[in-house]
$ cat input.cif   # mmCIF, N, CA and C atoms
data_structure
loop_
_atom_site.label_atom_id
_atom_site.label_comp_id
_atom_site.auth_asym_id
_atom_site.auth_seq_id
_atom_site.Cartn_x
_atom_site.Cartn_y
_atom_site.Cartn_z
N MET A 1 -34.40 -37.57 36.42
CA MET A 1 -34.67 -37.23 35.04
C MET A 1 -36.14 -36.86 34.88
N ALA A 2 -36.40 -35.87 34.07
CA ALA A 2 -37.77 -35.41 33.81
C ALA A 2 -38.53 -36.46 33.01
N ALA A 3 -39.82 -36.54 33.24
CA ALA A 3 -40.67 -37.48 32.51
C ALA A 3 -40.98 -36.94 31.13
N LYS A 4 -41.10 -37.85 30.17
CA LYS A 4 -41.49 -37.45 28.82
C LYS A 4 -42.96 -37.04 28.84
N PRO A 5 -43.33 -36.09 27.99
CA PRO A 5 -44.73 -35.69 27.94
C PRO A 5 -45.60 -36.81 27.38
N VAL A 6 -46.84 -36.83 27.78
CA VAL A 6 -47.79 -37.82 27.27
C VAL A 6 -48.78 -37.10 26.36
N PRO A 7 -49.38 -37.82 25.42
CA PRO A 7 -50.34 -37.18 24.51
C PRO A 7 -51.53 -36.59 25.24
N LEU A 8 -52.02 -35.49 24.71
CA LEU A 8 -53.23 -34.88 25.23
C LEU A 8 -54.43 -35.59 24.60
N VAL A 9 -55.21 -36.24 25.41
CA VAL A 9 -56.38 -36.96 24.93
C VAL A 9 -57.58 -36.03 25.01
N THR A 10 -58.27 -35.87 23.88
CA THR A 10 -59.46 -35.04 23.81
C THR A 10 -60.65 -35.92 23.40
N ALA A 11 -61.82 -35.34 23.39
CA ALA A 11 -63.00 -36.08 22.95
C ALA A 11 -62.82 -36.57 21.51
N ASP A 12 -62.16 -35.78 20.67
CA ASP A 12 -61.97 -36.16 19.27
C ASP A 12 -60.92 -37.24 19.09
N THR A 13 -59.93 -37.32 20.00
CA THR A 13 -58.83 -38.27 19.83
C THR A 13 -58.91 -39.49 20.75
N ARG A 14 -59.87 -39.50 21.66
CA ARG A 14 -59.95 -40.61 22.63
C ARG A 14 -60.00 -41.98 21.96
N ALA A 15 -60.80 -42.16 20.94
CA ALA A 15 -60.91 -43.47 20.27
C ALA A 15 -59.57 -43.88 19.66
N PHE A 16 -58.83 -42.91 19.10
CA PHE A 16 -57.51 -43.21 18.54
C PHE A 16 -56.57 -43.73 19.63
N TRP A 17 -56.49 -43.00 20.76
CA TRP A 17 -55.57 -43.40 21.84
C TRP A 17 -56.01 -44.70 22.50
N ASP A 18 -57.31 -44.93 22.61
CA ASP A 18 -57.80 -46.20 23.16
C ASP A 18 -57.38 -47.36 22.25
N ALA A 19 -57.47 -47.16 20.93
CA ALA A 19 -57.05 -48.19 19.98
C ALA A 19 -55.54 -48.44 20.09
N CYS A 20 -54.75 -47.37 20.21
CA CYS A 20 -53.30 -47.53 20.36
C CYS A 20 -52.98 -48.36 21.59
N ALA A 21 -53.70 -48.14 22.67
CA ALA A 21 -53.48 -48.89 23.91
C ALA A 21 -53.71 -50.39 23.69
N GLU A 22 -54.53 -50.72 22.68
CA GLU A 22 -54.81 -52.12 22.34
C GLU A 22 -53.93 -52.62 21.20
N GLY A 23 -52.96 -51.80 20.76
CA GLY A 23 -52.06 -52.21 19.69
C GLY A 23 -52.66 -52.10 18.31
N VAL A 24 -53.58 -51.15 18.13
CA VAL A 24 -54.25 -50.97 16.84
C VAL A 24 -54.09 -49.52 16.39
N LEU A 25 -53.64 -49.32 15.16
CA LEU A 25 -53.52 -47.99 14.58
C LEU A 25 -54.78 -47.70 13.77
N THR A 26 -55.39 -46.53 14.02
CA THR A 26 -56.62 -46.16 13.32
C THR A 26 -56.47 -44.83 12.60
N TYR A 27 -57.37 -44.59 11.67
CA TYR A 27 -57.46 -43.34 10.93
C TYR A 27 -58.92 -43.14 10.59
N GLN A 28 -59.25 -42.05 9.92
CA GLN A 28 -60.65 -41.80 9.55
C GLN A 28 -60.82 -41.75 8.04
N ARG A 29 -62.02 -42.18 7.61
CA ARG A 29 -62.43 -42.08 6.21
C ARG A 29 -63.83 -41.47 6.19
N CYS A 30 -64.03 -40.49 5.32
CA CYS A 30 -65.33 -39.84 5.21
C CYS A 30 -66.31 -40.77 4.50
N ALA A 31 -67.46 -40.96 5.11
CA ALA A 31 -68.49 -41.80 4.50
C ALA A 31 -69.11 -41.13 3.29
N ALA A 32 -69.06 -39.80 3.23
CA ALA A 32 -69.68 -39.07 2.12
C ALA A 32 -68.78 -39.00 0.89
N CYS A 33 -67.50 -38.66 1.08
CA CYS A 33 -66.64 -38.45 -0.09
C CYS A 33 -65.44 -39.41 -0.17
N GLY A 34 -65.22 -40.20 0.88
CA GLY A 34 -64.12 -41.17 0.86
C GLY A 34 -62.76 -40.62 1.27
N HIS A 35 -62.69 -39.34 1.59
CA HIS A 35 -61.42 -38.72 1.97
C HIS A 35 -60.85 -39.40 3.22
N VAL A 36 -59.53 -39.67 3.19
CA VAL A 36 -58.82 -40.25 4.33
C VAL A 36 -58.15 -39.12 5.09
N GLN A 37 -58.25 -39.17 6.43
CA GLN A 37 -57.64 -38.10 7.21
C GLN A 37 -57.07 -38.58 8.53
N PHE A 38 -56.11 -37.83 9.01
CA PHE A 38 -55.53 -37.97 10.33
C PHE A 38 -54.92 -36.62 10.65
N PRO A 39 -55.05 -36.11 11.86
CA PRO A 39 -55.61 -36.71 13.06
C PRO A 39 -57.13 -36.73 13.05
N PRO A 40 -57.72 -37.47 14.00
CA PRO A 40 -59.18 -37.57 14.07
C PRO A 40 -59.85 -36.22 14.31
N ARG A 41 -60.97 -36.03 13.62
CA ARG A 41 -61.78 -34.81 13.76
C ARG A 41 -63.25 -35.21 13.68
N PRO A 42 -64.14 -34.34 14.13
CA PRO A 42 -65.56 -34.66 14.08
C PRO A 42 -66.19 -34.42 12.70
N PHE A 43 -65.39 -33.95 11.74
CA PHE A 43 -65.90 -33.65 10.40
C PHE A 43 -64.81 -33.97 9.37
N CYS A 44 -65.23 -34.09 8.12
CA CYS A 44 -64.30 -34.34 7.02
C CYS A 44 -63.62 -33.03 6.64
N THR A 45 -62.29 -33.04 6.54
CA THR A 45 -61.56 -31.82 6.17
C THR A 45 -61.68 -31.52 4.68
N GLU A 46 -62.18 -32.45 3.91
CA GLU A 46 -62.33 -32.24 2.46
C GLU A 46 -63.71 -31.67 2.11
N CYS A 47 -64.79 -32.36 2.57
CA CYS A 47 -66.14 -31.94 2.18
C CYS A 47 -66.96 -31.38 3.35
N ARG A 48 -66.41 -31.44 4.55
CA ARG A 48 -67.04 -30.94 5.77
C ARG A 48 -68.22 -31.77 6.27
N ALA A 49 -68.39 -32.96 5.72
CA ALA A 49 -69.46 -33.85 6.21
C ALA A 49 -69.15 -34.26 7.65
N ALA A 50 -70.17 -34.44 8.42
CA ALA A 50 -70.01 -34.83 9.83
C ALA A 50 -69.75 -36.33 9.95
N GLY A 51 -69.06 -36.67 11.03
CA GLY A 51 -68.91 -38.07 11.43
C GLY A 51 -68.11 -38.98 10.54
N PRO A 52 -66.84 -38.65 10.25
CA PRO A 52 -66.02 -39.62 9.50
C PRO A 52 -65.96 -40.95 10.26
N VAL A 53 -65.78 -42.02 9.53
CA VAL A 53 -65.76 -43.37 10.10
C VAL A 53 -64.32 -43.72 10.48
N THR A 54 -64.16 -44.31 11.65
CA THR A 54 -62.83 -44.76 12.09
C THR A 54 -62.56 -46.12 11.47
N GLU A 55 -61.38 -46.27 10.86
CA GLU A 55 -60.99 -47.53 10.24
C GLU A 55 -59.66 -48.00 10.82
N ARG A 56 -59.43 -49.28 10.71
CA ARG A 56 -58.21 -49.90 11.23
C ARG A 56 -57.15 -49.93 10.13
N SER A 57 -55.96 -49.49 10.45
CA SER A 57 -54.84 -49.52 9.51
C SER A 57 -54.11 -50.86 9.61
N ALA A 58 -53.56 -51.30 8.49
CA ALA A 58 -52.71 -52.49 8.50
C ALA A 58 -51.36 -52.16 9.16
N GLY A 59 -51.09 -50.86 9.34
CA GLY A 59 -49.86 -50.46 10.01
C GLY A 59 -48.61 -50.50 9.16
N LEU A 60 -48.78 -50.50 7.84
CA LEU A 60 -47.63 -50.53 6.92
C LEU A 60 -47.55 -49.23 6.15
N GLY A 61 -46.33 -48.76 5.92
CA GLY A 61 -46.17 -47.52 5.18
C GLY A 61 -44.72 -47.32 4.76
N ALA A 62 -44.43 -46.10 4.32
CA ALA A 62 -43.09 -45.75 3.86
C ALA A 62 -42.73 -44.36 4.39
N ILE A 63 -41.46 -44.17 4.67
CA ILE A 63 -41.01 -42.88 5.16
C ILE A 63 -41.10 -41.85 4.04
N HIS A 64 -41.82 -40.78 4.31
CA HIS A 64 -41.96 -39.66 3.38
C HIS A 64 -40.82 -38.66 3.56
N SER A 65 -40.47 -38.41 4.81
CA SER A 65 -39.38 -37.50 5.16
C SER A 65 -38.93 -37.85 6.58
N PHE A 66 -37.75 -37.38 6.95
CA PHE A 66 -37.28 -37.64 8.31
C PHE A 66 -36.20 -36.63 8.68
N THR A 67 -35.93 -36.57 9.97
CA THR A 67 -34.81 -35.78 10.47
C THR A 67 -34.16 -36.60 11.58
N ILE A 68 -32.88 -36.40 11.76
CA ILE A 68 -32.17 -37.05 12.85
C ILE A 68 -31.98 -35.99 13.94
N VAL A 69 -32.50 -36.30 15.11
CA VAL A 69 -32.45 -35.38 16.24
C VAL A 69 -31.17 -35.66 17.03
N HIS A 70 -30.30 -34.66 17.08
CA HIS A 70 -29.05 -34.78 17.83
C HIS A 70 -29.10 -34.01 19.14
N ARG A 71 -29.97 -33.02 19.21
CA ARG A 71 -30.10 -32.18 20.39
C ARG A 71 -31.50 -32.36 20.95
N ALA A 72 -31.58 -32.91 22.14
CA ALA A 72 -32.87 -33.22 22.76
C ALA A 72 -33.71 -31.96 22.96
N PRO A 73 -35.01 -32.01 22.65
CA PRO A 73 -35.87 -30.84 22.85
C PRO A 73 -36.08 -30.51 24.32
N THR A 74 -35.99 -31.53 25.18
CA THR A 74 -36.09 -31.34 26.63
C THR A 74 -35.16 -32.36 27.27
N PRO A 75 -34.81 -32.17 28.55
CA PRO A 75 -33.93 -33.14 29.22
C PRO A 75 -34.49 -34.57 29.21
N ALA A 76 -35.79 -34.74 29.14
CA ALA A 76 -36.40 -36.08 29.14
C ALA A 76 -35.99 -36.91 27.94
N PHE A 77 -35.58 -36.27 26.84
CA PHE A 77 -35.23 -36.99 25.61
C PHE A 77 -33.72 -37.13 25.41
N LYS A 78 -32.92 -36.59 26.33
CA LYS A 78 -31.47 -36.58 26.16
C LYS A 78 -30.88 -37.97 25.96
N ALA A 79 -31.34 -38.95 26.73
CA ALA A 79 -30.81 -40.31 26.63
C ALA A 79 -31.14 -40.97 25.29
N ASP A 80 -32.15 -40.47 24.58
CA ASP A 80 -32.57 -41.07 23.30
C ASP A 80 -31.74 -40.59 22.11
N THR A 81 -31.05 -39.46 22.25
CA THR A 81 -30.35 -38.89 21.10
C THR A 81 -29.11 -39.71 20.75
N PRO A 82 -28.76 -39.80 19.47
CA PRO A 82 -29.55 -39.32 18.34
C PRO A 82 -30.68 -40.30 18.01
N TYR A 83 -31.78 -39.76 17.46
CA TYR A 83 -32.88 -40.61 17.03
C TYR A 83 -33.51 -40.02 15.77
N ALA A 84 -34.16 -40.89 15.00
CA ALA A 84 -34.81 -40.47 13.75
C ALA A 84 -36.29 -40.24 14.00
N LEU A 85 -36.75 -39.06 13.61
CA LEU A 85 -38.15 -38.68 13.67
C LEU A 85 -38.65 -38.65 12.23
N ALA A 86 -39.67 -39.44 11.94
CA ALA A 86 -40.08 -39.63 10.55
C ALA A 86 -41.54 -39.27 10.31
N LEU A 87 -41.80 -38.73 9.11
CA LEU A 87 -43.16 -38.59 8.59
C LEU A 87 -43.40 -39.84 7.75
N VAL A 88 -44.41 -40.61 8.12
CA VAL A 88 -44.68 -41.87 7.43
C VAL A 88 -46.00 -41.78 6.69
N ASP A 89 -45.97 -42.12 5.41
CA ASP A 89 -47.19 -42.25 4.61
C ASP A 89 -47.66 -43.69 4.73
N PHE A 90 -48.77 -43.89 5.44
CA PHE A 90 -49.30 -45.24 5.58
C PHE A 90 -50.07 -45.62 4.33
N ASP A 91 -50.11 -46.91 4.06
CA ASP A 91 -50.68 -47.41 2.81
C ASP A 91 -52.13 -47.00 2.58
N GLU A 92 -52.87 -46.73 3.63
CA GLU A 92 -54.27 -46.33 3.50
C GLU A 92 -54.44 -44.87 3.08
N GLY A 93 -53.35 -44.08 3.10
CA GLY A 93 -53.42 -42.71 2.60
C GLY A 93 -53.31 -41.62 3.64
N PHE A 94 -52.95 -41.93 4.87
CA PHE A 94 -52.78 -40.89 5.88
C PHE A 94 -51.30 -40.82 6.28
N ARG A 95 -50.93 -39.71 6.87
CA ARG A 95 -49.54 -39.46 7.27
C ARG A 95 -49.48 -39.25 8.77
N LEU A 96 -48.43 -39.79 9.39
CA LEU A 96 -48.25 -39.71 10.84
C LEU A 96 -46.78 -39.47 11.15
N MET A 97 -46.50 -38.61 12.13
CA MET A 97 -45.13 -38.37 12.57
C MET A 97 -44.84 -39.30 13.74
N VAL A 98 -43.76 -40.08 13.60
CA VAL A 98 -43.41 -41.09 14.60
C VAL A 98 -41.89 -41.20 14.71
N ASN A 99 -41.44 -41.87 15.75
CA ASN A 99 -40.03 -42.19 15.88
C ASN A 99 -39.74 -43.49 15.15
N LEU A 100 -38.56 -43.57 14.55
CA LEU A 100 -38.09 -44.79 13.89
C LEU A 100 -37.31 -45.59 14.92
N ARG A 101 -37.75 -46.80 15.20
CA ARG A 101 -37.12 -47.68 16.18
C ARG A 101 -36.50 -48.88 15.48
N GLY A 102 -35.60 -49.57 16.17
CA GLY A 102 -35.03 -50.80 15.65
C GLY A 102 -34.15 -50.60 14.43
N CYS A 103 -33.58 -49.41 14.32
CA CYS A 103 -32.79 -49.06 13.13
C CYS A 103 -31.86 -47.92 13.52
N PRO A 104 -30.57 -48.03 13.25
CA PRO A 104 -29.70 -46.89 13.53
C PRO A 104 -30.20 -45.66 12.77
N PRO A 105 -30.20 -44.48 13.40
CA PRO A 105 -30.71 -43.28 12.73
C PRO A 105 -30.07 -43.04 11.37
N GLU A 106 -28.80 -43.36 11.23
CA GLU A 106 -28.11 -43.12 9.96
C GLU A 106 -28.60 -44.04 8.84
N ASP A 107 -29.36 -45.08 9.17
CA ASP A 107 -29.92 -45.97 8.15
C ASP A 107 -31.31 -45.54 7.69
N ALA A 108 -31.86 -44.48 8.30
CA ALA A 108 -33.16 -43.97 7.86
C ALA A 108 -33.02 -43.42 6.45
N ARG A 109 -34.06 -43.62 5.64
CA ARG A 109 -34.06 -43.09 4.28
C ARG A 109 -35.49 -42.92 3.79
N ILE A 110 -35.66 -41.97 2.90
CA ILE A 110 -36.96 -41.75 2.27
C ILE A 110 -37.31 -43.00 1.47
N GLY A 111 -38.55 -43.44 1.61
CA GLY A 111 -39.01 -44.63 0.91
C GLY A 111 -38.86 -45.91 1.70
N LEU A 112 -38.14 -45.88 2.83
CA LEU A 112 -37.97 -47.08 3.65
C LEU A 112 -39.33 -47.59 4.11
N ARG A 113 -39.61 -48.85 3.83
CA ARG A 113 -40.88 -49.46 4.25
C ARG A 113 -40.81 -49.76 5.73
N VAL A 114 -41.91 -49.43 6.43
CA VAL A 114 -41.96 -49.58 7.88
C VAL A 114 -43.27 -50.21 8.32
N ARG A 115 -43.24 -50.70 9.57
CA ARG A 115 -44.42 -51.30 10.21
C ARG A 115 -44.59 -50.62 11.56
N VAL A 116 -45.82 -50.38 11.95
CA VAL A 116 -46.10 -49.74 13.23
C VAL A 116 -45.81 -50.70 14.38
N LEU A 117 -45.39 -50.13 15.49
CA LEU A 117 -45.28 -50.84 16.75
C LEU A 117 -45.76 -49.87 17.82
N PHE A 118 -46.03 -50.36 19.00
CA PHE A 118 -46.57 -49.50 20.05
C PHE A 118 -45.69 -49.58 21.29
N GLU A 119 -45.27 -48.41 21.77
CA GLU A 119 -44.47 -48.34 22.98
C GLU A 119 -45.37 -47.94 24.14
N PRO A 120 -45.29 -48.69 25.24
CA PRO A 120 -46.11 -48.35 26.41
C PRO A 120 -45.76 -46.97 26.95
N LEU A 121 -46.78 -46.27 27.42
CA LEU A 121 -46.59 -44.96 28.04
C LEU A 121 -46.66 -45.10 29.56
N ALA A 122 -45.89 -44.28 30.24
CA ALA A 122 -45.97 -44.27 31.70
C ALA A 122 -47.40 -43.89 32.08
N GLY A 123 -47.99 -44.64 32.96
CA GLY A 123 -49.35 -44.35 33.38
C GLY A 123 -50.42 -45.00 32.52
N GLY A 124 -50.02 -45.79 31.52
CA GLY A 124 -50.98 -46.49 30.67
C GLY A 124 -51.05 -45.93 29.27
N GLY A 125 -51.60 -46.72 28.38
CA GLY A 125 -51.70 -46.33 26.98
C GLY A 125 -50.45 -46.73 26.21
N ALA A 126 -50.41 -46.35 24.95
CA ALA A 126 -49.28 -46.69 24.09
C ALA A 126 -49.13 -45.64 23.00
N LEU A 127 -47.89 -45.47 22.57
CA LEU A 127 -47.55 -44.48 21.55
C LEU A 127 -47.12 -45.21 20.27
N PRO A 128 -47.74 -44.88 19.12
CA PRO A 128 -47.31 -45.54 17.89
C PRO A 128 -45.92 -45.07 17.48
N GLN A 129 -45.10 -46.02 17.05
CA GLN A 129 -43.77 -45.79 16.51
C GLN A 129 -43.66 -46.70 15.29
N VAL A 130 -42.55 -46.67 14.58
CA VAL A 130 -42.37 -47.59 13.45
C VAL A 130 -40.98 -48.22 13.52
N ARG A 131 -40.87 -49.35 12.84
CA ARG A 131 -39.59 -50.02 12.66
C ARG A 131 -39.51 -50.49 11.21
N PRO A 132 -38.31 -50.69 10.70
CA PRO A 132 -38.20 -51.15 9.31
C PRO A 132 -38.96 -52.46 9.11
N LEU A 133 -39.58 -52.56 7.97
CA LEU A 133 -40.32 -53.77 7.61
C LEU A 133 -39.33 -54.82 7.14
N VAL A 134 -39.39 -55.97 7.76
CA VAL A 134 -38.55 -57.09 7.35
C VAL A 134 -39.47 -58.11 6.75
N GLU A 135 -39.30 -58.34 5.47
CA GLU A 135 -40.19 -59.29 4.77
C GLU A 135 -39.53 -60.62 4.59
#
$ encode --input "input.cif" --output "structure tokens"
Amino acid sequence: MAAKPVPLVTADTRAFWDACAEGVLTYQRCAACGHVQFPPRPFCTECRAAGPVTERSAGLGAIHSFTIVHRAPTPAFKADTPYALALVDFDEGFRLMVNLRGCPPEDARIGLRVRVLFEPLAGGGALPQVRPLVE
């Protein structure tokens, strides 16, 4: 079976992926205007100020939208189908696309509260995913 692709780590995203490897989800906030953004960049996408600050997320959010994948994009994902791919609005104000774990795909719904979890990557590191929040 083919290996799943791993994230491309760049100078701008290295701190994010290093934090994920430690089980921490991060995002950026502009020190000048307060704008929250993801993915990491060397400047604020709102006011263009340099050097947004990296902050730690509590890892809680809600599904904004989702799709259920029935046809694998590559052979490496065939065993995972069907699975739910979700856009999650995290409570701090950023959005991230992740897989929904620990929940049958047919139970996915807009507004479902979720918590981040991290799946180990082959060769090291971790990939953020979410699971339903059980309170």
$ atom_distance --input "input.cif" --atom1 "CA of Arg95 (chain A)" --atom2 "CA of Gln37 (chain A)"
8.2 Å
$ residues_around --input "input.cif" --residues "Ser65 (chain A)" --least-positions-apart "5" --cutoff "10 Å" --atoms "only C-alpha atoms" --output "number ranges by chain"
A: 85-89, 97, 108-112
$ atom_distance --input "input.cif" --atom1 "atom C of Thr26 (chain A)" --atom2 "CA of Gly59 (chain A)"
9.1 Å
$ closest_residue --input "input.cif" --among "A:Tyr83, A:Phe43, A:Phe94, A:Phe66" --to "Tyr27 (chain A)" --atoms "all atoms listed in the file"
A:Phe94
$ select_by_dssp --input "input.cif" --residues "chain A" --states "strand (DSSP E)" --output "PyMOL selection string"
chain A and resi 26-29+36-37+53-56+60-69+83-90+95-100+113-120+126-132
$ resolve_selection --input "input.cif" --expression "the PyMOL selection byres (((chain A and resi 124 and name CA) around 12) and name CA)" --output "PyMOL selection string"
chain A and resi 6-7+17-18+20-22+118-123+125-127
$ atom_distance --input "input.cif" --atom1 "CA of Gln28 (chain A)" --atom2 "CA of Arg48 (chain A)"
13.2 Å
$ closest_residue --input "input.cif" --among "A:Pro82, A:Pro132, A:Pro40, A:Gly102" --to "Phe16 (chain A)" --atoms "only C-alpha atoms"
A:Pro40
$ closest_residue --input "input.cif" --among "A:Ser57, A:Arg71, A:Val98, A:Arg41" --to "Val24 (chain A)" --atoms "only N, CA and C atoms"
A:Ser57
$ residues_around --input "input.cif" --residues "Arg113 (chain A)" --least-positions-apart "2" --cutoff "6 Å" --atoms "only C-alpha atoms" --output "PyMOL selection string"
chain A and resi 61-62+132-133
$ write_last_selection --input "input.cif" --atoms "N, CA and C atoms" --output "compact mmCIF listing (two decimals), in the coordinates of the input"
# COMPACT_ATOMS: atom_id res chain seq x y z
N GLY A 61 -46.33 -48.76 5.92
CA GLY A 61 -46.17 -47.52 5.18
C GLY A 61 -44.72 -47.32 4.76
N ALA A 62 -44.43 -46.10 4.32
CA ALA A 62 -43.09 -45.75 3.86
C ALA A 62 -42.73 -44.36 4.39
N PRO A 132 -38.31 -50.69 10.70
CA PRO A 132 -38.20 -51.15 9.31
C PRO A 132 -38.96 -52.46 9.11
N LEU A 133 -39.58 -52.56 7.97
CA LEU A 133 -40.32 -53.77 7.61
C LEU A 133 -39.33 -54.82 7.14
$ closest_residue --input "input.cif" --among "A:Cys103, A:Ala3, A:Val9, A:Ala19" --to "Arg56 (chain A)" --atoms "only C-alpha atoms"
A:Ala19
$ decode --input "input.cif" --residues "region 30-58 of chain A" --atoms "N, CA and C atoms" --output "short mmCIF file (atom, residue, chain, number, x, y, z; two decimals), in the first residue's frame"
data_model
loop_
_atom_site.label_atom_id
_atom_site.label_comp_id
_atom_site.auth_asym_id
_atom_site.auth_seq_id
_atom_site.Cartn_x
_atom_site.Cartn_y
_atom_site.Cartn_z
N CYS A 30 -2.16 38.92 15.37
CA CYS A 30 -1.36 40.10 15.06
C CYS A 30 -1.23 40.98 16.30
N ALA A 31 -0.01 41.34 16.62
CA ALA A 31 0.24 42.21 17.77
C ALA A 31 -0.24 43.63 17.49
N ALA A 32 -0.31 44.02 16.23
CA ALA A 32 -0.71 45.39 15.87
C ALA A 32 -2.23 45.57 15.85
N CYS A 33 -2.95 44.64 15.21
CA CYS A 33 -4.39 44.85 15.05
C CYS A 33 -5.26 43.77 15.71
N GLY A 34 -4.64 42.71 16.22
CA GLY A 34 -5.40 41.67 16.91
C GLY A 34 -6.01 40.61 16.00
N HIS A 35 -5.82 40.72 14.71
CA HIS A 35 -6.38 39.76 13.75
C HIS A 35 -5.86 38.35 14.03
N VAL A 36 -6.77 37.36 14.01
CA VAL A 36 -6.41 35.96 14.19
C VAL A 36 -6.29 35.33 12.81
N GLN A 37 -5.24 34.51 12.62
CA GLN A 37 -5.07 33.90 11.31
C GLN A 37 -4.47 32.50 11.39
N PHE A 38 -4.77 31.74 10.37
CA PHE A 38 -4.19 30.43 10.12
C PHE A 38 -4.35 30.20 8.63
N PRO A 39 -3.37 29.66 7.94
CA PRO A 39 -2.11 29.10 8.39
C PRO A 39 -1.09 30.17 8.75
N PRO A 40 0.01 29.76 9.40
CA PRO A 40 1.04 30.71 9.81
C PRO A 40 1.68 31.43 8.62
N ARG A 41 1.92 32.72 8.82
CA ARG A 41 2.58 33.56 7.80
C ARG A 41 3.51 34.53 8.52
N PRO A 42 4.44 35.12 7.80
CA PRO A 42 5.37 36.06 8.43
C PRO A 42 4.78 37.46 8.61
N PHE A 43 3.53 37.66 8.17
CA PHE A 43 2.88 38.97 8.25
C PHE A 43 1.39 38.77 8.52
N CYS A 44 0.74 39.84 8.97
CA CYS A 44 -0.70 39.82 9.22
C CYS A 44 -1.43 39.97 7.89
N THR A 45 -2.40 39.10 7.63
CA THR A 45 -3.16 39.18 6.38
C THR A 45 -4.18 40.31 6.40
N GLU A 46 -4.42 40.89 7.55
CA GLU A 46 -5.38 41.99 7.67
C GLU A 46 -4.71 43.35 7.50
N CYS A 47 -3.65 43.62 8.30
CA CYS A 47 -3.02 44.95 8.27
C CYS A 47 -1.60 44.94 7.70
N ARG A 48 -1.08 43.76 7.39
CA ARG A 48 0.24 43.55 6.81
C ARG A 48 1.40 43.82 7.77
N ALA A 49 1.11 43.95 9.06
CA ALA A 49 2.18 44.12 10.04
C ALA A 49 3.04 42.86 10.09
N ALA A 50 4.30 43.03 10.33
CA ALA A 50 5.23 41.89 10.40
C ALA A 50 5.13 41.18 11.75
N GLY A 51 5.47 39.90 11.71
CA GLY A 51 5.66 39.13 12.94
C GLY A 51 4.45 38.87 13.80
N PRO A 52 3.39 38.26 13.27
CA PRO A 52 2.28 37.88 14.16
C PRO A 52 2.78 36.96 15.27
N VAL A 53 2.12 36.99 16.40
CA VAL A 53 2.52 36.21 17.57
C VAL A 53 1.82 34.84 17.51
N THR A 54 2.58 33.80 17.81
CA THR A 54 2.01 32.45 17.87
C THR A 54 1.36 32.26 19.23
N GLU A 55 0.12 31.78 19.23
CA GLU A 55 -0.61 31.53 20.47
C GLU A 55 -1.08 30.09 20.51
N ARG A 56 -1.32 29.62 21.71
CA ARG A 56 -1.76 28.24 21.94
C ARG A 56 -3.29 28.19 21.95
N SER A 57 -3.85 27.27 21.20
CA SER A 57 -5.30 27.08 21.17
C SER A 57 -5.73 26.12 22.26
N ALA A 58 -6.93 26.31 22.78
CA ALA A 58 -7.50 25.36 23.73
C ALA A 58 -7.92 24.08 22.99
#
